[in-house]
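J.: Mind looking over this structure? Questions follow.
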Amino acid sequence: MAEFLTIGEPLVVLASQDKDMSLDEASHFEKFLAGAEMNVAVGISRLEHEATYLSKVGADPFGDFIIEAAGKVGIDVSHLKKDSKYLTGFYLKELVGSGDPAVAYFRKNSAAANFEVAELEDVDLTGVKLAHLSGIFPALSGKTLETFKLFNARLNEAKILTVFDPNLRPVLWKSREKMIAVTNELARGSQIILPGINEGEILMGSREPEKIADFYLNQSDLTHTVVVKLGADGAFVKVKNAKSFIVPAFKVKEVVDTVGAGDGFAVGLESALLEEWPLEDAVNRACAVGALAVQSQGDSDGYPTKEKLIEFFNSDERFGHCY
């Protein structure tokens with residue numbers, strides 16, 4: 001198995017090419033590979049780490065596209081299977097001049113939402129160093145919630161580093177209350193938690209980074225590090241029984257699309273951890289990849305190669321967006 005592993009719902013995004021037009025008015029769309037966990041796998045692979053993606057797609061053109069596109073960027077798709085009983089999820093995304101674009105999902109009862117515990121039986125965790133977990137996959141269905149919990153337990157038994165990004169998607173949950181309760185419960189199973197400041201406010205009622213960090217550090221003996229994403233203000237980092245610190249953001253010339261920026265942050269952090277970088281340096285790389293991500297339209301198109309990342313660091317442009 002690859003050194004990096006994730007489980008999630010791969011999606012196709014049809015991104016509008018008609019700037020500042022609503023989705024019902026737009027006529028021109030371009031197809032991209034998408035899905036939060038897939039975005040992270042793409043970025044990890046682009047930074048020259050082996051990545052395996054676990055999930056299902058439908059036996060349809062979108063599913064074929066996902067498998068082919070993921071394979072082309074070097075992701076191990078041997079555990080990305082086709083299921084003829086269900087369709088592949090997709091969504092539409094606006095093109096906006098500023099702010100966050102509106103999206104419309106078409107993913108209910110998708111192939112990924114029907115991924116079951118039994119389909120983990122042939123997954124060998126040998127060689128895996130880090131697993132990226134997201135709050136999206138367990139929100140898809142009762143089946144995926146059960147699968148997530150078992151998978152997370154197996155990762156912990158194997159002593160694999162687990163990183164959890166809440167990635168709140170209210171539309172996928174039956175209620176806001178259930179989303180909060182289950183997401184916080186799932187966070188207890190990971191060693192590193194990556195909440196955004198807005199997510200922190202929803203999940204535990206505060207926008208104060210230290211209070212958010214303390215909430216997750218105190219609710220689980222397993223959790224030892226919390227990195228709170230502050231957007232344009234950088235990132236707040238706290239390790240259990242250690243002094244907290246802030247890593248500033250990088251300057252961004254133009255924000256084209258904020259979707260995928262948080263996943264880019266995870267790419268930077270997790271790739272650096274795989275390379276055994278010190279935590280502060282790893283968060284600095286996370287901020288850099290997040291800044292690069294917002295400057296491209298596709299969800300993962302802005303994620304850099306190592307050469308591009310070195311070039312960006314050498315430009316030394318600080319203080320911008322760190323998602």
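In the structure tokens, the first chain shown is A, the next is B, and so on; residue numbers restart at 1 for each chain, and ligands run from 1 in the order shown.
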Could you find all residues in stretch 20-222 of chain A that DSSP calls strand (DSSP E or B) from the backbone, and write them as an MDAnalysis selection string?
T.: chainID A and resid 29:34 51:58 76 80:83 90:95 103:106 130:134 161:165 192:193 196
J.: Just write the chosen residues, N, CA and C atoms, as a CSV table (one decimal), in the first residue's frame.
T.:
chain,number,residue,atom,x,y,z
A,29,PHE,N,-19.7,25.1,-19.3
A,29,PHE,CA,-19.1,24.5,-18.1
A,29,PHE,C,-17.9,23.6,-18.6
A,30,GLU,N,-16.9,23.5,-17.7
A,30,GLU,CA,-15.7,22.7,-17.9
A,30,GLU,C,-15.7,21.6,-16.8
A,31,LYS,N,-15.3,20.4,-17.2
A,31,LYS,CA,-15.3,19.3,-16.3
A,31,LYS,C,-13.9,19.1,-15.6
A,32,PHE,N,-14.0,18.9,-14.3
A,32,PHE,CA,-12.8,18.7,-13.5
A,32,PHE,C,-13.0,17.5,-12.5
A,33,LEU,N,-11.9,16.9,-12.1
A,33,LEU,CA,-11.9,16.0,-11.0
A,33,LEU,C,-12.1,16.7,-9.7
A,34,ALA,N,-12.9,16.2,-8.8
A,34,ALA,CA,-13.2,16.9,-7.6
A,34,ALA,C,-13.5,15.9,-6.4
A,51,ALA,N,0.1,7.8,-3.2
A,51,ALA,CA,-1.3,8.0,-2.6
A,51,ALA,C,-2.2,6.9,-3.1
A,52,THR,N,-3.0,6.4,-2.2
A,52,THR,CA,-4.0,5.4,-2.5
A,52,THR,C,-5.4,6.0,-2.1
A,53,TYR,N,-6.4,5.8,-3.0
A,53,TYR,CA,-7.7,6.4,-2.7
A,53,TYR,C,-8.7,5.2,-2.7
A,54,LEU,N,-9.5,5.2,-1.6
A,54,LEU,CA,-10.5,4.1,-1.4
A,54,LEU,C,-11.9,4.7,-1.6
A,55,SER,N,-12.6,4.0,-2.5
A,55,SER,CA,-14.0,4.5,-2.7
A,55,SER,C,-14.7,3.7,-3.9
A,56,LYS,N,-15.9,4.1,-4.3
A,56,LYS,CA,-16.6,3.5,-5.4
A,56,LYS,C,-17.1,4.6,-6.3
A,57,VAL,N,-17.2,4.4,-7.6
A,57,VAL,CA,-17.8,5.2,-8.6
A,57,VAL,C,-18.8,4.4,-9.3
A,58,GLY,N,-19.7,5.1,-10.0
A,58,GLY,CA,-20.7,4.3,-10.9
A,58,GLY,C,-20.0,3.8,-12.2
A,76,ASP,N,-2.9,5.7,-6.8
A,76,ASP,CA,-3.2,4.3,-6.9
A,76,ASP,C,-4.8,4.2,-6.8
A,80,LEU,N,-10.3,1.9,-6.0
A,80,LEU,CA,-11.4,2.8,-6.5
A,80,LEU,C,-12.2,1.9,-7.5
A,81,LYS,N,-13.3,1.4,-7.0
A,81,LYS,CA,-14.0,0.4,-7.8
A,81,LYS,C,-15.3,0.9,-8.4
A,82,LYS,N,-15.8,0.2,-9.5
A,82,LYS,CA,-17.0,0.6,-10.1
A,82,LYS,C,-18.2,-0.3,-9.6
A,83,ASP,N,-19.3,0.4,-9.5
A,83,ASP,CA,-20.5,-0.3,-9.0
A,83,ASP,C,-21.7,0.1,-10.0
A,90,PHE,N,-21.8,14.2,-8.8
A,90,PHE,CA,-21.2,15.4,-9.4
A,90,PHE,C,-21.8,16.6,-8.9
A,91,TYR,N,-21.3,17.8,-9.2
A,91,TYR,CA,-21.9,19.0,-8.8
A,91,TYR,C,-21.5,20.2,-9.8
A,92,LEU,N,-22.3,21.2,-9.7
A,92,LEU,CA,-22.1,22.4,-10.5
A,92,LEU,C,-21.5,23.5,-9.7
A,93,LYS,N,-20.7,24.3,-10.2
A,93,LYS,CA,-20.0,25.4,-9.5
A,93,LYS,C,-20.0,26.7,-10.3
A,94,GLU,N,-20.4,27.8,-9.6
A,94,GLU,CA,-20.4,29.1,-10.2
A,94,GLU,C,-18.9,29.6,-10.5
A,95,LEU,N,-18.8,30.5,-11.4
A,95,LEU,CA,-17.5,31.3,-11.6
A,95,LEU,C,-17.9,32.7,-11.1
A,103,VAL,N,-22.6,26.4,-5.2
A,103,VAL,CA,-22.5,25.1,-5.8
A,103,VAL,C,-23.8,24.4,-5.6
A,104,ALA,N,-24.1,23.4,-6.5
A,104,ALA,CA,-25.3,22.6,-6.5
A,104,ALA,C,-24.9,21.1,-6.6
A,105,TYR,N,-25.2,20.3,-5.6
A,105,TYR,CA,-24.7,18.9,-5.6
A,105,TYR,C,-25.8,18.0,-6.2
A,106,PHE,N,-25.3,16.9,-6.8
A,106,PHE,CA,-26.1,15.8,-7.3
A,106,PHE,C,-25.4,14.5,-6.9
A,130,LEU,N,0.4,7.7,6.8
A,130,LEU,CA,-0.5,8.8,7.2
A,130,LEU,C,-1.8,8.6,6.4
A,131,ALA,N,-2.9,8.8,7.2
A,131,ALA,CA,-4.3,8.7,6.6
A,131,ALA,C,-5.0,10.0,6.8
A,132,HIS,N,-5.5,10.5,5.7
A,132,HIS,CA,-6.3,11.7,5.7
A,132,HIS,C,-7.8,11.3,5.8
A,133,LEU,N,-8.5,11.8,6.8
A,133,LEU,CA,-9.9,11.6,7.0
A,133,LEU,C,-10.7,12.9,7.0
A,134,SER,N,-11.9,12.8,6.5
A,134,SER,CA,-12.7,14.0,6.3
A,134,SER,C,-14.1,13.7,6.9
A,161,LEU,N,-0.6,7.5,11.5
A,161,LEU,CA,-0.9,8.9,11.8
A,161,LEU,C,-2.2,9.3,11.1
A,162,THR,N,-3.2,9.7,11.9
A,162,THR,CA,-4.5,10.1,11.3
A,162,THR,C,-4.7,11.6,11.4
A,163,VAL,N,-5.1,12.2,10.3
A,163,VAL,CA,-5.4,13.7,10.3
A,163,VAL,C,-6.9,13.8,9.9
A,164,PHE,N,-7.6,14.6,10.7
A,164,PHE,CA,-9.1,14.7,10.5
A,164,PHE,C,-9.4,16.2,10.1
A,165,ASP,N,-10.0,16.4,9.0
A,165,ASP,CA,-10.5,17.7,8.6
A,165,ASP,C,-12.1,17.6,8.7
A,192,ILE,N,-4.4,14.5,14.7
A,192,ILE,CA,-4.3,15.9,14.3
A,192,ILE,C,-5.7,16.3,13.7
A,193,ILE,N,-6.1,17.5,14.2
A,193,ILE,CA,-7.4,18.0,13.7
A,193,ILE,C,-7.2,19.3,13.0
A,196,GLY,N,-11.4,24.8,10.4
A,196,GLY,CA,-11.4,26.2,10.1
A,196,GLY,C,-12.0,27.0,11.2
J.: Name all residues at most 12 Å from A:Pro61 (count only C-alpha atoms; drop same-chain ones fewer than 3 positions away) and give them as a ChimeraX atom specification.
T.: /A:11-12,31,57-58,64-69,82,84,87-90
J.: Have a look at atom CA of A:Asp122 and atom CA of A:Leu47 and let me know their distance in Å, one decimal.
T.: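 Going from atom CA of A:Asp122 over to atom CA of A:Leu47 covers 27.1 Å.
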J.: Between atom CA of A:Ala139 and atom CA of A:Gly8, what is the distance in Å, rounded to a tenth?
T.: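 Going from atom CA of A:Ala139 over to atom CA of A:Gly8 covers 10.3 Å.
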J.: Can you pull out every residue from stretch 10-63 of chain A that DSSP, working from the backbone, puts in alpha helix (DSSP H), and format the result as a ChimeraX atom specification?
T.: /A:36-46,61-63
J.: Go ahead and compute the interatomic distance for atom CA of A:Ser141 and atom CA of A:Asn184, in Å to one decimal.
T.: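 For atom CA of A:Ser141 relative to atom CA of A:Asn184, the distance reads 17.1 Å.
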J.: Pick the closest to A:Leu14 from A:Ala26, A:Leu145, A:Val96, A:Val117: which is it, counting only C-alpha atoms?
T.: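 Counting only C-alpha atoms, the residue closest to A:Leu14 is A:Ala26.
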J.: For A:Thr183, work out the shell of residues within 7 Å, counting only C-alpha atoms and skipping chain neighbours fewer than 4 positions away, then give it as a CSV table (one decimal) with all heavy atoms, in the first residue's frame.
T.:
chain,number,residue,atom,x,y,z
A,135,GLY,N,-14.8,14.8,7.4
A,135,GLY,CA,-16.1,14.6,7.8
A,135,GLY,C,-17.2,14.5,6.7
A,135,GLY,O,-18.4,14.3,7.0
A,166,PRO,N,-12.7,18.4,9.5
A,166,PRO,CA,-14.2,18.4,9.7
A,166,PRO,C,-14.9,18.5,8.4
A,166,PRO,O,-15.9,17.9,8.1
A,166,PRO,CB,-14.5,19.5,10.6
A,166,PRO,CG,-13.2,19.7,11.4
A,166,PRO,CD,-12.1,19.4,10.5
A,179,MET,N,-25.0,16.8,12.8
A,179,MET,CA,-23.7,17.1,12.1
A,179,MET,C,-22.7,17.5,13.2
A,179,MET,O,-21.5,17.0,13.2
A,179,MET,CB,-23.8,18.3,11.2
A,179,MET,CG,-22.5,18.8,10.5
A,179,MET,SD,-22.8,20.2,9.4
A,179,MET,CE,-23.1,21.5,10.6
A,187,ALA,N,-14.0,13.3,15.5
A,187,ALA,CA,-12.7,13.9,15.7
A,187,ALA,C,-11.9,13.3,16.8
A,187,ALA,O,-10.6,13.3,16.8
A,187,ALA,CB,-12.9,15.4,16.0
J.: Set the distance at 12 Å and use only C-alpha atoms: which residues neighbour A:Ala118 once local chain neighbours fewer than 5 positions away are removed? I'd like the list as an MDAnalysis selection string.
T.: chainID A and resid 123 143:144 146:148 150:151
J.: Check which residues of stretch 38-134 of chain A sit at most 9 Å from stretch 261-265 of chain A using only C-alpha atoms, and return one row each with the closest pair of atoms and their distance in Å to one decimal, ordered by chain and rising number, as CSV.
T.:
residue,atom,partner,partner_atom,distance
A:Asn39,CA,A:Asp263,CA,6.3
A:Val40,CA,A:Asp263,CA,5.6
A:Gly43,CA,A:Gly264,CA,6.9
J.: Do a neighbour search on A:Thr225 at 12 Å with only C-alpha atoms, toss out local chain neighbours closer than 3 positions, and write the hits as a PyMOL selection string.
T.: chain A and resi 161-164+187-188+190-195+210+212-218+220-222+228+236-245+279-280+283
J.: So which one's closest to A:Asn114, A:Asp233, A:Glu9, A:Asn198, A:Ile310? Using only C-alpha atoms, please.
T.: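 Checking each of A:Asp233, A:Glu9, A:Asn198, A:Ile310 against A:Asn114, counting only C-alpha atoms, the winner is A:Glu9.
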